[in-house]
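Below is the file start.cif, which contains mmCIF, C-alpha atoms.
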```cif
data_target
loop_
_atom_site.label_atom_id
_atom_site.label_comp_id
_atom_site.auth_asym_id
_atom_site.auth_seq_id
_atom_site.Cartn_x
_atom_site.Cartn_y
_atom_site.Cartn_z
CA MET U 1 0.00 0.00 0.00
CA ILE U 2 1.35 3.41 -0.94
CA MET U 3 1.79 5.90 1.90
CA GLN U 4 -0.65 8.83 1.82
CA THR U 5 0.51 12.19 3.13
CA LEU U 6 -1.65 15.07 4.29
CA VAL U 7 -0.06 18.52 4.52
CA VAL U 8 -2.03 20.82 6.82
CA VAL U 9 -0.97 24.42 6.29
CA ALA U 10 -1.69 27.03 8.98
CA HIS U 11 -0.68 30.44 7.68
CA PRO U 12 -2.81 33.55 8.30
CA GLU U 13 -1.14 35.31 5.36
CA ARG U 14 -0.96 32.34 3.03
CA VAL U 15 -1.47 34.33 -0.16
CA GLN U 16 1.55 36.56 0.45
CA SER U 17 3.81 33.69 1.48
CA GLY U 18 6.44 32.89 -1.13
CA THR U 19 7.70 30.03 1.02
CA GLN U 20 4.31 28.30 1.05
CA GLU U 21 3.98 28.90 -2.69
CA PHE U 22 7.32 27.20 -3.23
CA LEU U 23 6.42 24.28 -0.96
CA GLN U 24 3.05 23.77 -2.63
CA ALA U 25 4.70 23.65 -6.04
CA SER U 26 7.26 21.18 -4.66
CA ALA U 27 4.52 18.90 -3.38
CA ALA U 28 2.31 19.19 -6.47
CA PRO U 29 3.90 16.36 -8.57
CA PHE U 30 2.97 13.76 -5.93
CA LYS U 31 -0.42 12.12 -6.27
CA THR U 32 -0.01 10.66 -2.77
CA VAL U 33 0.24 14.11 -1.18
CA GLN U 34 -2.88 16.02 -0.25
CA TRP U 35 -2.55 19.77 0.36
CA HIS U 36 -4.94 21.32 2.88
CA GLU U 37 -4.89 24.98 3.86
CA LEU U 38 -6.71 25.71 7.10
CA GLU U 39 -9.48 28.23 7.06
CA ALA U 40 -11.83 28.80 9.99
CA PRO U 41 -14.51 27.88 10.84
CA PHE U 42 -13.70 24.17 10.73
CA GLU U 43 -16.12 21.42 9.79
CA LYS U 44 -15.26 18.90 12.42
CA GLU U 45 -16.48 15.72 10.69
CA ALA U 46 -15.00 16.60 7.29
CA GLU U 47 -11.65 17.48 8.87
CA GLN U 48 -11.65 14.27 10.88
CA ARG U 49 -12.45 12.17 7.78
CA GLN U 50 -9.54 13.77 5.96
CA LEU U 51 -7.18 12.96 8.84
CA LEU U 52 -8.20 9.31 8.63
CA THR U 53 -7.01 9.09 5.01
CA ALA U 54 -3.43 10.05 5.91
CA ASP U 55 -0.59 7.76 6.94
CA ARG U 56 1.69 10.74 7.42
CA LEU U 57 0.38 14.05 8.73
CA ILE U 58 2.46 17.18 8.19
CA LEU U 59 1.67 20.30 10.20
CA GLN U 60 3.19 23.23 8.35
CA PHE U 61 3.32 26.76 9.69
CA PRO U 62 5.44 29.84 10.36
CA LEU U 63 6.76 30.13 13.92
CA TYR U 64 4.92 32.95 15.72
CA TRP U 65 6.20 33.61 19.24
CA TYR U 66 7.65 30.11 19.51
CA SER U 67 4.31 28.52 18.67
CA ALA U 68 2.08 27.96 15.66
CA PRO U 69 -0.37 30.64 14.51
CA ALA U 70 -3.61 30.71 16.53
CA MET U 71 -5.59 29.04 13.71
CA LEU U 72 -3.68 25.78 14.18
CA TYR U 73 -4.68 25.62 17.86
CA GLN U 74 -8.26 26.47 16.95
CA TRP U 75 -8.22 23.59 14.49
CA LEU U 76 -6.75 21.24 17.10
CA ASP U 77 -9.30 22.34 19.70
CA ASP U 78 -12.24 21.99 17.28
CA VAL U 79 -11.26 18.87 15.33
CA TRP U 80 -9.00 16.78 17.54
CA THR U 81 -11.55 15.89 20.17
CA GLU U 82 -10.29 13.68 22.97
CA LYS U 83 -12.65 10.96 21.77
CA PHE U 84 -11.47 11.11 18.15
CA ALA U 85 -7.76 11.51 18.75
CA VAL U 86 -7.17 9.50 21.91
CA ARG U 87 -9.98 7.21 22.99
CA ALA U 88 -10.89 5.91 19.53
CA GLY U 89 -7.21 5.53 18.65
CA ASN U 90 -7.82 6.99 15.18
CA LEU U 91 -4.34 8.45 14.83
CA ASN U 92 -2.48 5.58 16.41
CA GLY U 93 0.38 4.35 14.22
CA LYS U 94 0.31 7.35 11.88
CA GLN U 95 3.30 9.65 11.53
CA LEU U 96 3.50 13.32 12.52
CA GLY U 97 5.92 15.70 10.83
CA ILE U 98 6.37 19.41 11.48
CA VAL U 99 7.46 21.82 8.76
CA VAL U 100 8.21 25.10 10.49
CA THR U 101 9.35 28.26 8.74
CA THR U 102 11.15 31.10 10.45
CA GLY U 103 12.96 34.27 9.50
CA VAL U 104 15.66 33.62 12.08
CA ALA U 105 18.87 31.76 11.22
CA ASP U 106 19.34 28.15 12.40
CA GLN U 107 22.32 28.99 14.58
CA ALA U 108 20.21 31.27 16.82
CA TYR U 109 18.22 28.30 18.16
CA HIS U 110 20.66 27.14 20.82
CA ALA U 111 21.30 27.73 24.49
CA GLY U 112 23.32 30.90 24.84
CA GLU U 113 22.39 32.07 21.35
CA ARG U 114 19.81 34.71 20.50
CA GLU U 115 16.70 32.49 20.71
CA GLY U 116 18.00 30.53 23.70
CA PHE U 117 16.36 27.20 22.90
CA THR U 118 16.50 24.58 20.16
CA LEU U 119 13.57 24.13 17.79
CA ASP U 120 13.26 20.58 19.17
CA GLU U 121 12.60 22.12 22.60
CA ILE U 122 10.36 24.90 21.33
CA LEU U 123 8.16 22.46 19.43
CA ARG U 124 7.98 19.92 22.27
CA PRO U 125 4.19 20.38 22.59
CA PHE U 126 3.80 18.70 19.19
CA GLN U 127 6.01 15.84 20.30
CA ALA U 128 3.74 15.47 23.35
CA LEU U 129 0.73 15.51 21.02
CA ALA U 130 2.24 12.67 18.95
CA HIS U 131 3.07 10.77 22.13
CA LYS U 132 -0.47 11.10 23.45
CA THR U 133 -2.17 10.04 20.23
CA GLY U 134 0.20 7.17 19.46
CA MET U 135 1.74 8.83 16.42
CA THR U 136 5.39 8.48 15.43
CA TYR U 137 7.08 11.87 15.71
CA LEU U 138 9.34 12.58 12.73
CA PRO U 139 12.47 14.73 12.96
CA LEU U 140 11.52 18.39 12.46
CA PHE U 141 11.80 19.97 9.05
CA PRO U 142 12.78 23.61 9.72
CA ILE U 143 13.03 26.12 6.88
CA THR U 144 14.96 29.17 7.99
CA GLN U 145 15.38 32.41 6.07
CA PHE U 146 13.88 31.10 2.83
CA GLY U 147 14.05 34.60 1.38
CA TYR U 148 17.85 34.63 1.56
CA GLN U 149 18.37 31.22 -0.04
CA THR U 150 20.22 30.91 -3.34
CA ASP U 151 18.70 29.00 -6.25
CA ALA U 152 21.01 26.06 -5.51
CA GLN U 153 19.89 26.04 -1.86
CA LYS U 154 16.26 26.17 -2.93
CA GLN U 155 16.79 23.22 -5.25
CA ARG U 156 18.23 21.20 -2.39
CA LEU U 157 15.32 22.34 -0.20
CA LEU U 158 12.84 21.19 -2.84
CA VAL U 159 14.26 17.66 -2.91
CA ALA U 160 14.64 17.48 0.88
CA TYR U 161 11.02 18.63 1.31
CA GLN U 162 9.70 16.14 -1.25
CA ARG U 163 11.56 13.38 0.59
CA TYR U 164 10.18 14.58 3.94
CA LEU U 165 6.65 14.23 2.55
CA THR U 166 7.03 10.94 0.73
CA GLU U 167 10.07 8.89 1.79
CA PRO U 168 9.63 5.97 4.22
CA TYR U 169 10.59 6.52 7.85
CA PRO U 170 12.88 5.55 9.47
CA ARG U 171 15.17 6.32 6.56
CA HIS U 172 17.47 3.62 5.28
CA PHE U 173 19.97 4.23 2.57
CA ALA U 174 18.26 1.71 0.29
CA ASP U 175 14.95 3.60 0.63
CA THR U 176 16.58 6.89 -0.30
CA GLU U 177 18.16 5.27 -3.33
CA LYS U 178 14.84 3.74 -4.34
CA TRP U 179 13.15 7.13 -3.86
CA PHE U 180 15.56 8.86 -6.21
CA ALA U 181 15.25 6.03 -8.75
CA GLU U 182 11.46 6.40 -8.71
CA GLN U 183 11.65 10.16 -9.19
CA LEU U 184 14.05 9.72 -12.08
CA ALA U 185 11.86 7.00 -13.63
CA GLN U 186 8.92 9.40 -13.41
CA LEU U 187 10.94 12.16 -15.04
CA ALA U 188 12.21 9.79 -17.73
CA ALA U 189 8.65 8.72 -18.54
CA ASP U 190 7.68 12.36 -19.15
CA HIS U 191 10.99 13.56 -20.60
CA PRO U 192 12.97 10.93 -22.58
CA ASP U 193 16.13 13.03 -22.12
CA TYR U 194 16.33 11.79 -18.56
CA GLN U 195 16.60 8.12 -19.63
CA LEU U 196 20.38 8.37 -19.88
CA LEU U 197 20.61 9.81 -16.36
CA LEU U 198 18.36 7.04 -15.05
CA ASP U 199 20.53 4.34 -16.70
CA GLN U 200 23.64 5.87 -15.16
CA PHE U 201 21.95 6.13 -11.74
CA THR U 202 20.83 2.49 -11.89
CA LYS U 203 24.34 1.38 -12.85
CA ASN U 204 25.85 3.44 -10.01
CA ALA U 205 23.28 2.03 -7.60
CA ASP U 206 24.29 -1.52 -8.53
CA GLU U 207 27.95 -0.70 -7.97
CA LEU U 208 27.10 0.96 -4.66
CA GLU U 209 25.23 -2.14 -3.58
CA GLN U 210 28.25 -4.32 -4.29
CA LEU U 211 30.49 -1.91 -2.38
CA ASN U 212 28.05 -2.00 0.50
CA ASP U 213 28.10 -5.83 0.54
CA THR U 214 31.90 -5.76 0.63
CA LEU U 215 31.79 -3.24 3.50
CA GLN U 216 29.38 -5.44 5.46
CA MET U 217 31.68 -8.42 5.01
CA MET U 218 34.70 -6.43 6.18
CA ARG U 219 32.79 -5.26 9.25
CA GLN U 220 31.75 -8.80 10.12
CA ASN U 221 35.31 -10.02 9.79
CA GLU U 222 36.43 -7.23 12.12
CA GLU U 223 33.78 -8.09 14.68
CA ASN U 224 34.79 -11.74 14.56
CA ASP U 225 38.43 -10.79 15.02
CA MET F 1 7.02 51.23 44.75
CA ILE F 2 4.46 48.46 45.11
CA MET F 3 4.56 45.70 42.53
CA GLN F 4 1.60 45.67 40.12
CA THR F 5 0.37 42.33 38.79
CA LEU F 6 -1.72 41.73 35.69
CA VAL F 7 -3.50 38.40 35.36
CA VAL F 8 -4.41 37.63 31.74
CA VAL F 9 -6.96 34.83 31.59
CA ALA F 10 -7.42 32.86 28.35
CA HIS F 11 -10.30 30.46 28.78
CA PRO F 12 -12.86 29.87 26.04
CA GLU F 13 -15.36 28.54 28.59
CA ARG F 14 -14.60 30.99 31.35
CA VAL F 15 -18.15 31.18 32.69
CA GLN F 16 -18.36 27.43 33.35
CA SER F 17 -14.91 27.24 34.93
CA GLY F 18 -15.04 26.71 38.69
CA THR F 19 -11.26 26.88 38.84
CA GLN F 20 -11.15 30.36 37.31
CA GLU F 21 -13.99 31.44 39.61
CA PHE F 22 -11.96 30.28 42.61
CA LEU F 23 -8.79 31.99 41.38
CA GLN F 24 -10.58 35.25 40.69
CA ALA F 25 -12.03 35.25 44.20
CA SER F 26 -8.56 34.50 45.59
CA ALA F 27 -7.07 37.46 43.74
CA ALA F 28 -9.90 39.87 44.53
CA PRO F 29 -8.61 41.16 47.92
CA PHE F 30 -5.45 42.57 46.31
CA LYS F 31 -5.63 46.13 45.00
CA THR F 32 -2.32 45.58 43.24
CA VAL F 33 -3.73 42.76 41.12
CA GLN F 34 -5.58 43.51 37.90
CA TRP F 35 -7.78 40.78 36.42
CA HIS F 36 -8.15 40.71 32.64
CA GLU F 37 -10.15 38.08 30.76
CA LEU F 38 -9.31 37.88 27.08
CA GLU F 39 -12.09 38.32 24.59
CA ALA F 40 -11.49 38.70 20.84
CA PRO F 41 -11.22 40.94 18.92
CA PHE F 42 -8.35 42.68 20.70
CA GLU F 43 -7.77 46.39 20.79
CA LYS F 44 -4.06 46.48 20.25
CA GLU F 45 -3.24 49.86 21.79
CA ALA F 46 -5.46 49.37 24.87
CA GLU F 47 -4.00 45.93 25.48
CA GLN F 48 -0.47 47.24 25.08
CA ARG F 49 -1.13 50.12 27.52
CA GLN F 50 -2.40 47.64 30.07
CA LEU F 51 0.72 45.50 29.71
CA LEU F 52 2.87 48.54 30.44
CA THR F 53 1.22 49.02 33.85
CA ALA F 54 2.28 45.58 35.07
CA ASP F 55 5.51 44.60 36.81
CA ARG F 56 4.43 40.97 36.88
CA LEU F 57 2.42 39.45 34.06
CA ILE F 58 0.55 36.21 34.68
CA LEU F 59 -0.73 34.19 31.73
CA GLN F 60 -3.45 31.92 33.04
CA PHE F 61 -5.10 29.19 30.98
CA PRO F 62 -6.18 25.57 30.80
CA LEU F 63 -3.77 23.28 28.94
CA TYR F 64 -5.30 22.26 25.59
CA TRP F 65 -3.20 19.78 23.59
CA TYR F 66 -0.03 20.82 25.46
CA SER F 67 -0.53 24.46 24.54
CA ALA F 68 -2.73 27.39 25.54
CA PRO F 69 -6.18 27.88 23.99
CA ALA F 70 -6.08 29.50 20.53
CA MET F 71 -7.28 32.86 21.91
CA LEU F 72 -4.01 33.37 23.79
CA TYR F 73 -1.99 32.97 20.59
CA GLN F 74 -4.37 35.30 18.77
CA TRP F 75 -3.78 37.87 21.51
CA LEU F 76 0.00 37.40 21.29
CA ASP F 77 -0.07 37.70 17.50
CA ASP F 78 -2.29 40.80 17.57
CA VAL F 79 -0.92 42.67 20.60
CA TRP F 80 2.70 41.62 21.06
CA THR F 81 4.08 43.14 17.90
CA GLU F 82 7.80 42.67 17.37
CA LYS F 83 8.22 46.44 17.70
CA PHE F 84 6.30 46.68 20.97
CA ALA F 85 7.62 43.56 22.69
CA VAL F 86 11.20 43.35 21.43
CA ARG F 87 12.56 46.42 19.67
CA ALA F 88 11.05 49.01 22.04
CA GLY F 89 12.03 46.89 25.04
CA ASN F 90 8.67 47.58 26.70
CA LEU F 91 8.57 44.29 28.59
CA ASN F 92 12.21 44.20 29.53
CA GLY F 93 12.72 43.63 33.27
CA LYS F 94 9.12 42.59 33.92
CA GLN F 95 8.26 39.14 35.26
CA LEU F 96 6.31 36.43 33.46
CA GLY F 97 4.39 33.78 35.38
CA ILE F 98 2.29 30.94 33.96
CA VAL F 99 -0.75 29.57 35.80
CA VAL F 100 -1.78 26.45 33.95
CA THR F 101 -4.72 24.25 34.85
CA THR F 102 -5.12 20.65 33.79
CA GLY F 103 -7.35 17.71 34.55
CA VAL F 104 -4.40 15.33 34.55
CA ALA F 105 -2.51 14.45 37.74
CA ASP F 106 0.96 15.95 38.37
CA GLN F 107 2.68 12.58 38.32
CA ALA F 108 1.71 11.97 34.68
CA TYR F 109 3.99 14.79 33.48
CA HIS F 110 7.26 12.88 33.42
CA ALA F 111 9.31 10.86 30.97
CA GLY F 112 7.92 7.33 30.91
CA GLU F 113 4.64 8.43 32.48
CA ARG F 114 1.36 8.93 30.65
CA GLU F 115 2.04 12.46 29.33
CA GLY F 116 5.69 11.75 28.60
CA PHE F 117 7.04 15.24 29.27
CA THR F 118 7.29 17.65 32.19
CA LEU F 119 5.18 20.81 32.26
CA ASP F 120 8.47 22.77 32.24
CA GLU F 121 9.24 21.17 28.87
CA ILE F 122 5.72 21.49 27.50
CA LEU F 123 5.56 25.19 28.33
CA ARG F 124 9.05 25.94 27.00
CA PRO F 125 7.65 28.28 24.29
CA PHE F 126 6.64 30.70 27.06
CA GLN F 127 10.11 30.54 28.54
CA ALA F 128 11.48 31.38 25.08
CA LEU F 129 9.00 34.28 24.92
CA ALA F 130 10.29 35.62 28.25
CA HIS F 131 13.87 35.16 27.09
CA LYS F 132 13.25 37.06 23.87
CA THR F 133 11.45 39.98 25.50
CA GLY F 134 13.85 40.31 28.45
CA MET F 135 11.32 39.17 31.05
CA THR F 136 12.19 37.10 34.10
CA TYR F 137 10.51 33.71 33.82
CA LEU F 138 8.94 32.63 37.12
CA PRO F 139 8.60 28.98 38.15
CA LEU F 140 5.35 27.57 36.74
CA PHE F 141 2.22 27.50 38.84
CA PRO F 142 0.36 24.35 37.77
CA ILE F 143 -3.08 23.55 39.16
CA THR F 144 -3.94 19.92 38.53
CA GLN F 145 -7.30 18.26 39.09
CA PHE F 146 -8.85 21.19 40.95
CA GLY F 147 -12.18 19.37 40.94
CA TYR F 148 -10.82 16.57 43.12
CA GLN F 149 -9.18 18.82 45.72
CA THR F 150 -10.36 18.76 49.32
CA ASP F 151 -11.29 21.98 51.13
CA ALA F 152 -7.96 21.90 52.96
CA GLN F 153 -6.07 21.52 49.65
CA LYS F 154 -8.05 24.39 48.17
CA GLN F 155 -7.17 26.59 51.14
CA ARG F 156 -3.49 25.88 50.62
CA LEU F 157 -3.95 26.54 46.90
CA LEU F 158 -5.57 29.90 47.66
CA VAL F 159 -2.62 31.07 49.74
CA ALA F 160 -0.04 29.67 47.30
CA TYR F 161 -1.81 31.42 44.40
CA GLN F 162 -2.03 34.74 46.26
CA ARG F 163 1.68 34.52 46.97
CA TYR F 164 2.40 33.66 43.32
CA LEU F 165 0.63 36.86 42.28
CA THR F 166 2.02 39.21 44.91
CA GLU F 167 5.14 37.96 46.69
CA PRO F 168 8.57 39.27 45.64
CA TYR F 169 10.72 37.07 43.43
CA PRO F 170 13.17 35.47 43.96
CA ARG F 171 11.60 34.31 47.21
CA HIS F 172 13.50 34.74 50.46
CA PHE F 173 12.24 33.43 53.74
CA ALA F 174 12.09 36.97 55.19
CA ASP F 175 9.84 38.07 52.29
CA THR F 176 7.48 35.19 52.87
CA GLU F 177 7.30 36.02 56.57
CA LYS F 178 6.65 39.66 55.78
CA TRP F 179 3.97 38.65 53.27
CA PHE F 180 2.09 36.60 55.86
CA ALA F 181 2.43 39.40 58.46
CA GLU F 182 0.92 41.86 56.00
CA GLN F 183 -1.98 39.58 55.19
CA LEU F 184 -2.65 39.06 58.89
CA ALA F 185 -2.41 42.79 59.58
CA GLN F 186 -4.96 43.36 56.83
CA LEU F 187 -7.25 40.74 58.31
CA ALA F 188 -6.80 42.14 61.82
CA ALA F 189 -7.73 45.62 60.61
CA ASP F 190 -11.03 44.27 59.25
CA HIS F 191 -11.67 41.65 61.92
CA PRO F 192 -10.35 42.48 65.42
CA ASP F 193 -10.51 38.76 66.30
CA TYR F 194 -7.36 38.24 64.27
CA GLN F 195 -5.33 40.65 66.44
CA LEU F 196 -4.41 37.86 68.84
CA LEU F 197 -3.18 35.69 65.97
CA LEU F 198 -1.16 38.59 64.59
CA ASP F 199 0.46 39.22 67.99
CA GLN F 200 1.36 35.55 68.26
CA PHE F 201 2.72 35.54 64.70
CA THR F 202 4.85 38.62 65.35
CA LYS F 203 6.19 37.08 68.56
CA ASN F 204 6.99 33.83 66.74
CA ALA F 205 8.63 35.77 63.93
CA ASP F 206 10.89 37.52 66.44
CA GLU F 207 11.86 34.22 68.01
CA LEU F 208 12.46 32.76 64.56
CA GLU F 209 14.73 35.65 63.72
CA GLN F 210 16.79 35.05 66.85
CA LEU F 211 16.99 31.34 66.06
CA ASN F 212 18.09 32.22 62.55
CA ASP F 213 20.83 34.51 63.89
CA THR F 214 22.07 31.71 66.14
CA LEU F 215 22.03 29.31 63.20
CA GLN F 216 24.06 31.74 61.07
CA MET F 217 26.62 32.06 63.86
CA MET F 218 26.92 28.29 64.22
CA ARG F 219 27.41 27.95 60.47
CA GLN F 220 30.13 30.58 60.44
CA ASN F 221 31.94 28.88 63.30
CA GLU F 222 31.78 25.61 61.39
CA GLU F 223 33.14 27.19 58.23
CA ASN F 224 36.00 28.74 60.22
CA ASP F 225 36.79 25.39 61.77
#
```

Would you mind writing the structure in this file as structure tokens?
Amino acid sequence: MIMQTLVVVAHPERVQSGTQEFLQASAAPFKTVQWHELEAPFEKEAEQRQLLTADRLILQFPLYWYSAPAMLYQWLDDVWTEKFAVRAGNLNGKQLGIVVTTGVADQAYHAGEREGFTLDEILRPFQALAHKTGMTYLPLFPITQFGYQTDAQKQRLLVAYQRYLTEPYPRHFADTEKWFAEQLAQLAADHPDYQLLLDQFTKNADELEQLNDTLQMMRQNEEND
Amino acid sequence: MIMQTLVVVAHPERVQSGTQEFLQASAAPFKTVQWHELEAPFEKEAEQRQLLTADRLILQFPLYWYSAPAMLYQWLDDVWTEKFAVRAGNLNGKQLGIVVTTGVADQAYHAGEREGFTLDEILRPFQALAHKTGMTYLPLFPITQFGYQTDAQKQRLLVAYQRYLTEPYPRHFADTEKWFAEQLAQLAADHPDYQLLLDQFTKNADELEQLNDTLQMMRQNEEND
């Protein structure tokens, strides 16, 4: 069964957000990714039904005063009833990812630095939410200072974001390889020019696999030493 | 100058909340405590002016999904502009206290227990807020399972809450003693019956002070040993 991902976007100024625009375009090629922008008031049953369809839930928002915008909490309070989210076990076994955007540089989120706390600490309430509802909490996906990123950085961000939405978790090297092969195969289907790149990638992947086998053998020999 | 305290209450079902009713009654005798229940929409300038009058700001709310109710974030987003709260330094040097109510027992807020995280961790975003705005972050004041508390527990809660709103920080034993003496003096002024208790308290306080002096002397002798 193919993993379904639901991206829930909470951004009071969504229309003006270039970051969200970029992320939406990055997610668009994936049929398994559903894009959902929050807008109050919330229809509880419809929102709950949508949650049920997802294997991976992404909460995506700008960091306002070390929390999400108010609309996300309104949505949680209205839709995530204790009965739905805890007692009925509806979210149990799903995955929870957080895509958080901020205008502050990464390095500021440390003890002794300007923001004083890590993003892991600041977003702990969402980890507690995952814990309570039986969801697997994914590593955070922070996007800092998008506006200052170069085109090359944005390209890397695009791929990293696509993987965050669609790649299996926990990540194993083989999965990542498979993920890239699938993306290339998709591209090659639409644009024959990519076929050469895909052939090369597949060849490299085979070689890498052999190298990996050799490495495993060497490790085992060492351990048996 | 006497310390002014502003209690900002964010509770979407304020009217039905027996806990908030109890806390409001507990705060009522203090002229230095201002009680402010949030209600959207917020008048930015009026809210900002009110914040300026406070030396100690208390944010008081029930814990919803490990965060405050949405209205508190709306208030922060609308009223605490970056200019007002950070660049102008308006909150710098003030104190920030959090009164959080929850239906879950204290013991559940630990690693390995049902909630998985401490309240200190869960409320870290408010500590980051204090850090950013130059406020002194007070120890949390959690109220758990108010509904199950006995009358005796509620009486202790009342005094502890009054102290949280009005006692100097950091707490020194002498301040606590002075705080109780003042409360008794106030009571004695209104109800002459309390005069005897006040006399006894003052006498005990004097004896305690002498004992304390003796203790200090003994400690110094030990250190010089």

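CA of Thr202 in chain U to CA of Asp151 in chain U spans 27.2 Å [interatomic distance, one decimal].
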
Report the residues retrieved by the PyMOL selection byres ((chain F) within 7 of (chain U)) from the displayed file, expressed as a PyMOL selection string. chain F and resi 65-67+69-71+73-74+115-117+121-122+124-125+128-129+132

Can you list, as a PDB file with C-alpha atoms, in the frame of the given file, every protein, DNA or RNA residue that comes within 8 Å of Gln34 in chain U when you count all atoms listed in the file, leaving out same-chain residues fewer than 6 positions away?
```pdb
ATOM      1  CA  GLN U   4      -0.650   8.830   1.820  1.00  0.00           C
ATOM      2  CA  THR U   5       0.510  12.190   3.130  1.00  0.00           C
ATOM      3  CA  LEU U   6      -1.650  15.070   4.290  1.00  0.00           C
ATOM      4  CA  VAL U   7      -0.060  18.520   4.520  1.00  0.00           C
TER       5      VAL U   7
END
```

Counting all atoms listed in the file, which residues come within 6 Å of (-7.2, 20.4, 2.1), with the point read in the file's coordinates, and could you list them as a VMD selection string? chain U and resid 35 to 37

One decimal place gives the CA of Val8 in chain F-CA of Phe61 in chain F separation as 8.5 Å

Residues near Ile143 in chain F, anyone? I mean within 9 Å using all atoms listed in the file, not counting same-chain ones fewer than 4 positions away, as a list in words. Thr19, Val99, Val100, Thr101, Thr102, Gly103, Asp106 and Leu157 of chain F

For the PyMOL selection byres ((chain F and resi 13) around 12), applied here, can you spell out every residue it catches as a list in words? Val9, Ala10, His11, Pro12, Arg14, Val15, Gln16, Ser17, Gly18, Thr19, Gln20, Glu21, Glu37, Leu38, Glu39, Phe61, Pro62, Pro69 and Met71 of chain F

So that I can see what lies close to Gly93 in chain F, please list as an mmCIF file with C-alpha atoms, keeping the file's coordinate frame the residues with an atom at most 8 Å from it, counting all atoms listed in the file and leaving out residues fewer than 5 positions away in the same chain.
```cif
data_model
loop_
_atom_site.group_PDB
_atom_site.id
_atom_site.type_symbol
_atom_site.label_atom_id
_atom_site.label_comp_id
_atom_site.auth_asym_id
_atom_site.auth_seq_id
_atom_site.Cartn_x
_atom_site.Cartn_y
_atom_site.Cartn_z
ATOM 1 C CA GLY F 134 13.850 40.310 28.450
ATOM 2 C CA MET F 135 11.320 39.170 31.050
ATOM 3 C CA THR F 136 12.190 37.100 34.100
#
```

d(CA of Phe201 in chain F, CA of Leu184 in chain F) in Å: 8.7 Å

Name the closest residue to Leu208 in chain F among the candidates F:Phe173, F:Phe30, F:Ala111, F:Leu196; distances are taken between atoms, counting all atoms listed in the file. F:Phe173

Check the smallest atom-to-atom distance from each of U:Val86, U:Leu91, U:Val79, U:Ala108 to Thr144 in chain U using all atoms listed in the file, then report the winner. U:Ala108

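Residues selected in this file by the PyMOL selection byres ((chain F and resi 48) around 12) comprise F:Phe42, F:Glu43, F:Lys44, F:Glu45, F:Ala46, F:Glu47, F:Arg49, F:Gln50, F:Leu51, F:Leu52, F:Thr53, F:Ala54, F:Trp75, F:Leu76, F:Asp78, F:Val79, F:Trp80, F:Thr81, F:Lys83, F:Phe84, F:Ala85, F:Asn90, F:Leu91.
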
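Of the residues listed (U:Met217, U:Tyr109, U:Asp55, U:Ser26), U:Ser26 shows the shortest atom-to-atom separation from Arg156 in chain U; distances use all atoms listed in the file.
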
Write out as a PyMOL selection string which residues come within 12 Å of Gln155 in chain U when counting all atoms listed in the file, dropping same-chain ones fewer than 6 positions away. chain U and resi 22-23+26+146+149+161-162
